[in-house]
Amino acid sequence: MKKTLIAHSPDADDIFMYYAIKFGWVDMKDTLFDNIAKDIQTLNEDALNGVYDIVAISFALYPHIKEDYAPLRTAVSFGEGYGPKVIKKKGVKLKRNFKVALSGEHTTNAMLFRIKFPEARITYMNFLDIEKAVLDGDVDAGVLIHESILTYDNELEVEIEMWDIWQELAGKDLPLPLGGMAIRRSLPLNKAIDYEETLTKAVQVARDHKDRLSKMLIERDLVRIDAETLDRYLELYANDESITLSEIQYKAINKLFEIGYKNGFYDTPVTVEDYLIPTEYKEIRNS
């Protein structure tokens with residue numbers, strides 16, 4: 001039996017979307033799944049280096065790995081009226097060249113932040129350390145991601161929402177593309193299709209059994225937040241829109257790539273649909 005490793009972040013939405021497989025509710029013929037959790041920038045770097053067959057990435061990274069990986073249509077996280085937050089100590093007025101902590105140079109929030117604040121002095125660190133760095137005065141501000149957008153210290157306040165930056169750059173009608181999954185192109189096509197179908201089913205089953213799965217994650221100490229916060233968080237980033245990409249989500253991803261290209265983050269324009277796994281192959285092969 002082939003063992004397949006899925007690399008994802010340790011935040012609650014990724015764990016929630018994967019653990020229907022971990023708990024044995026979803027499986028795939030002749031395949032044993034295992035997982036590894038790393039912070040998102042490490043995963044982005046691993047994708048750049050081709051470490052894993054299936055890996056979670058920031059959407060902003062994808063144009064850099066398009067020749068080696070295909071984007072999966074499932075396990076996606078978008079913001080709609082919410083997203084990462086630029087936070088600072090209450091009452092602090094930020095200068096134009098303020099020092100800020102970001103969770104990694106290839107993250108979506110980093111690209112949008114750099115476009116909005118070109119004079120800011122950026123330092124990169126693990127997302128778990130950003131809040132403390134702001135509280136300790138090591139940096140003037142930080143971009144909070146994952147669960148910390150709901151749980152940050154009351155000594156802090158929001159300078160600007162990443163959602164608002166996205167709205168300025170992209171317009172008013174598109175969700176904010178944050179992260180998804182990618183699969184190695186060198187895998188046999190029929191196997192890649194099976195992987196995508198299995199992962200899609202896992203997210204669907206997780207949503208169908210949200211209360212039961214959430215309780216199990218809490219009981220096994222697999223997430224860093226309490227039950228009430230977990231419920232709020234999953235409705236933000238592991239909701240029914242995470243199961244499979246919709247037309248408006250495709251438009252949003254392409255707008256992100258267009259913004260990145262126009263601002264010099266990518267060498268060539270990219271349209272996400274051009275790089276998807278061609279699922280029609282399976283239908284033709286079975287006909």
# chains A, B, ... in the order shown; residues from 1 in each chain; ligands from 1
$ residues_around --residues "Lys210 of chain A" --least-positions-apart "2" --cutoff "12 Å" --atoms "only C-alpha atoms" --output "list in words"
Asp13, Phe16, Met17, Tyr19, Ala20, Ala202, Val203, Gln204, Val205, Ala206, Arg207, Asp208, Arg212, Leu213, Ser214, Lys215, Met216, Leu217, Ala227, Leu230, Asp231, Arg232, Leu234, Glu235, Ala238, Asn239 and Asp240 of chain A
$ residues_around --residues "Asp267 of chain A" --least-positions-apart "5" --cutoff "9 Å" --atoms "only C-alpha atoms" --output "ChimeraX atom specification"
/A:63-64,261
$ select_by_dssp --residues "segment 101-236 of chain A" --states "strand (DSSP E)" --output "PyMOL selection string"
chain A and resi 101-102+121-124+141-144+156-161+176-184
$ closest_residue --among "A:Ala12, A:Ala110, A:Leu199, A:Ala70" --to "Thr271 of chain A" --atoms "only C-alpha atoms"
A:Ala70
$ atom_distance --atom1 "atom CA of Asp211 of chain A" --atom2 "atom CA of Ser77 of chain A"
19.4 Å
$ closest_residue --among "A:Ala133, A:Ile54, A:Leu256, A:Ala47" --to "Ala192 of chain A" --atoms "only C-alpha atoms"
A:Ile54
$ select_by_dssp --residues "segment 26-271 of chain A" --states "helix (DSSP H, G or I)" --output "ChimeraX atom specification"
/A:40-48,59-64,108-116,127-135,148-151,162-170,189-208,210-219,227-237,240-242,247-262
$ closest_residue --among "A:Tyr62, A:Phe117, A:Tyr52, A:Phe78" --to "Ser246 of chain A" --atoms "only C-alpha atoms"
A:Phe78
$ closest_residue --among "A:Ile6, A:Val76, A:Ile145, A:Val223" --to "Leu128 of chain A" --atoms "only C-alpha atoms"
A:Ile145
$ residues_around --residues "segment 102-109 of chain A" --least-positions-apart "3" --cutoff "8 Å" --atoms "only C-alpha atoms" --output "PyMOL selection string"
chain A and resi 40-41+44+58-61+84+112-113+122-127+130+142-145+162+177-179
$ closest_residue --among "A:Tyr18, A:Tyr69, A:Phe265, A:Tyr250" --to "Phe33 of chain A" --atoms "only C-alpha atoms"
A:Tyr18
$ closest_residue --among "A:Asp39, A:Arg96, A:Tyr152, A:Ala75" --to "Thr200 of chain A" --atoms "only C-alpha atoms"
A:Ala75
$ residues_around --residues "Leu135 of chain A" --least-positions-apart "6" --cutoff "9 Å" --atoms "only C-alpha atoms" --output "number ranges by chain"
A: 88-89, 153, 155-156
$ decode --residues "segment 71-83 of chain A" --atoms "all heavy atoms" --output "PDB file, in the first residue's frame"
ATOM      1  N   PRO A  71      -2.850  23.383  -8.844  1.00  0.00           N
ATOM      2  CA  PRO A  71      -3.688  23.762  -7.694  1.00  0.00           C
ATOM      3  C   PRO A  71      -4.849  22.786  -7.555  1.00  0.00           C
ATOM      4  O   PRO A  71      -5.445  22.383  -8.555  1.00  0.00           O
ATOM      5  CB  PRO A  71      -4.179  25.165  -8.069  1.00  0.00           C
ATOM      6  CG  PRO A  71      -4.190  25.160  -9.568  1.00  0.00           C
ATOM      7  CD  PRO A  71      -3.071  24.262 -10.006  1.00  0.00           C
ATOM      8  N   LEU A  72      -5.165  22.407  -6.339  1.00  0.00           N
ATOM      9  CA  LEU A  72      -6.338  21.573  -6.103  1.00  0.00           C
ATOM     10  C   LEU A  72      -7.575  22.456  -5.978  1.00  0.00           C
ATOM     11  O   LEU A  72      -7.499  23.606  -5.547  1.00  0.00           O
ATOM     12  CB  LEU A  72      -6.154  20.728  -4.848  1.00  0.00           C
ATOM     13  CG  LEU A  72      -5.103  19.619  -4.929  1.00  0.00           C
ATOM     14  CD1 LEU A  72      -5.030  18.858  -3.617  1.00  0.00           C
ATOM     15  CD2 LEU A  72      -5.401  18.659  -6.077  1.00  0.00           C
ATOM     16  N   ARG A  73      -8.706  21.888  -6.323  1.00  0.00           N
ATOM     17  CA  ARG A  73      -9.954  22.641  -6.290  1.00  0.00           C
ATOM     18  C   ARG A  73     -10.583  22.648  -4.900  1.00  0.00           C
ATOM     19  O   ARG A  73     -11.631  23.263  -4.701  1.00  0.00           O
ATOM     20  CB  ARG A  73     -10.945  22.033  -7.287  1.00  0.00           C
ATOM     21  CG  ARG A  73     -10.505  22.102  -8.750  1.00  0.00           C
ATOM     22  CD  ARG A  73     -11.463  21.287  -9.609  1.00  0.00           C
ATOM     23  NE  ARG A  73     -11.194  21.402 -11.037  1.00  0.00           N
ATOM     24  CZ  ARG A  73     -10.312  20.659 -11.705  1.00  0.00           C
ATOM     25  NH1 ARG A  73      -9.574  19.752 -11.049  1.00  0.00           N
ATOM     26  NH2 ARG A  73     -10.153  20.802 -13.011  1.00  0.00           N
ATOM     27  N   THR A  74      -9.983  21.960  -3.949  1.00  0.00           N
ATOM     28  CA  THR A  74     -10.598  21.781  -2.636  1.00  0.00           C
ATOM     29  C   THR A  74      -9.691  22.254  -1.519  1.00  0.00           C
ATOM     30  O   THR A  74      -8.534  22.600  -1.738  1.00  0.00           O
ATOM     31  CB  THR A  74     -10.976  20.308  -2.428  1.00  0.00           C
ATOM     32  OG1 THR A  74     -11.817  20.193  -1.272  1.00  0.00           O
ATOM     33  CG2 THR A  74      -9.743  19.429  -2.253  1.00  0.00           C
ATOM     34  N   ALA A  75     -10.246  22.263  -0.290  1.00  0.00           N
ATOM     35  CA  ALA A  75      -9.521  22.671   0.924  1.00  0.00           C
ATOM     36  C   ALA A  75      -8.977  24.087   0.791  1.00  0.00           C
ATOM     37  O   ALA A  75      -7.830  24.357   1.109  1.00  0.00           O
ATOM     38  CB  ALA A  75      -8.411  21.676   1.254  1.00  0.00           C
ATOM     39  N   VAL A  76      -9.828  24.984   0.326  1.00  0.00           N
ATOM     40  CA  VAL A  76      -9.426  26.367   0.090  1.00  0.00           C
ATOM     41  C   VAL A  76      -9.961  27.274   1.191  1.00  0.00           C
ATOM     42  O   VAL A  76     -11.022  27.013   1.778  1.00  0.00           O
ATOM     43  CB  VAL A  76      -9.911  26.872  -1.286  1.00  0.00           C
ATOM     44  CG1 VAL A  76      -9.242  26.080  -2.389  1.00  0.00           C
ATOM     45  CG2 VAL A  76     -11.430  26.788  -1.404  1.00  0.00           C
ATOM     46  N   SER A  77      -9.216  28.336   1.472  1.00  0.00           N
ATOM     47  CA  SER A  77      -9.631  29.317   2.475  1.00  0.00           C
ATOM     48  C   SER A  77      -9.637  30.714   1.861  1.00  0.00           C
ATOM     49  O   SER A  77      -8.632  31.148   1.300  1.00  0.00           O
ATOM     50  CB  SER A  77      -8.685  29.287   3.676  1.00  0.00           C
ATOM     51  OG  SER A  77      -8.787  28.056   4.375  1.00  0.00           O
ATOM     52  N   PHE A  78     -10.784  31.376   1.978  1.00  0.00           N
ATOM     53  CA  PHE A  78     -10.963  32.733   1.484  1.00  0.00           C
ATOM     54  C   PHE A  78     -11.487  33.602   2.623  1.00  0.00           C
ATOM     55  O   PHE A  78     -12.072  33.095   3.580  1.00  0.00           O
ATOM     56  CB  PHE A  78     -11.986  32.770   0.341  1.00  0.00           C
ATOM     57  CG  PHE A  78     -11.468  32.259  -0.966  1.00  0.00           C
ATOM     58  CD1 PHE A  78     -11.237  30.903  -1.178  1.00  0.00           C
ATOM     59  CD2 PHE A  78     -11.218  33.137  -2.016  1.00  0.00           C
ATOM     60  CE1 PHE A  78     -10.757  30.431  -2.389  1.00  0.00           C
ATOM     61  CE2 PHE A  78     -10.745  32.672  -3.240  1.00  0.00           C
ATOM     62  CZ  PHE A  78     -10.514  31.321  -3.424  1.00  0.00           C
ATOM     63  N   GLY A  79     -11.289  34.899   2.508  1.00  0.00           N
ATOM     64  CA  GLY A  79     -11.914  35.840   3.422  1.00  0.00           C
ATOM     65  C   GLY A  79     -13.014  36.599   2.718  1.00  0.00           C
ATOM     66  O   GLY A  79     -12.858  36.996   1.566  1.00  0.00           O
ATOM     67  N   GLU A  80     -14.120  36.787   3.404  1.00  0.00           N
ATOM     68  CA  GLU A  80     -15.219  37.583   2.849  1.00  0.00           C
ATOM     69  C   GLU A  80     -15.685  38.557   3.921  1.00  0.00           C
ATOM     70  O   GLU A  80     -16.497  38.220   4.768  1.00  0.00           O
ATOM     71  CB  GLU A  80     -16.367  36.689   2.376  1.00  0.00           C
ATOM     72  CG  GLU A  80     -15.986  35.810   1.198  1.00  0.00           C
ATOM     73  CD  GLU A  80     -17.183  35.354   0.394  1.00  0.00           C
ATOM     74  OE1 GLU A  80     -18.027  36.217   0.054  1.00  0.00           O
ATOM     75  OE2 GLU A  80     -17.275  34.160   0.113  1.00  0.00           O
ATOM     76  N   GLY A  81     -15.092  39.745   3.902  1.00  0.00           N
ATOM     77  CA  GLY A  81     -15.367  40.727   4.938  1.00  0.00           C
ATOM     78  C   GLY A  81     -14.427  40.576   6.123  1.00  0.00           C
ATOM     79  O   GLY A  81     -14.571  41.276   7.131  1.00  0.00           O
ATOM     80  N   TYR A  82     -13.478  39.687   6.030  1.00  0.00           N
ATOM     81  CA  TYR A  82     -12.521  39.428   7.108  1.00  0.00           C
ATOM     82  C   TYR A  82     -11.247  38.859   6.511  1.00  0.00           C
ATOM     83  O   TYR A  82     -11.172  38.601   5.309  1.00  0.00           O
ATOM     84  CB  TYR A  82     -13.104  38.439   8.128  1.00  0.00           C
ATOM     85  CG  TYR A  82     -13.639  37.183   7.487  1.00  0.00           C
ATOM     86  CD1 TYR A  82     -12.812  36.103   7.191  1.00  0.00           C
ATOM     87  CD2 TYR A  82     -14.985  37.078   7.130  1.00  0.00           C
ATOM     88  CE1 TYR A  82     -13.288  34.965   6.571  1.00  0.00           C
ATOM     89  CE2 TYR A  82     -15.482  35.935   6.509  1.00  0.00           C
ATOM     90  CZ  TYR A  82     -14.629  34.892   6.241  1.00  0.00           C
ATOM     91  OH  TYR A  82     -15.105  33.758   5.618  1.00  0.00           O
ATOM     92  N   GLY A  83     -10.258  38.643   7.357  1.00  0.00           N
ATOM     93  CA  GLY A  83      -8.983  38.101   6.905  1.00  0.00           C
ATOM     94  C   GLY A  83      -7.886  38.493   7.879  1.00  0.00           C
ATOM     95  O   GLY A  83      -8.169  38.921   9.007  1.00  0.00           O
TER      96      GLY A  83
END
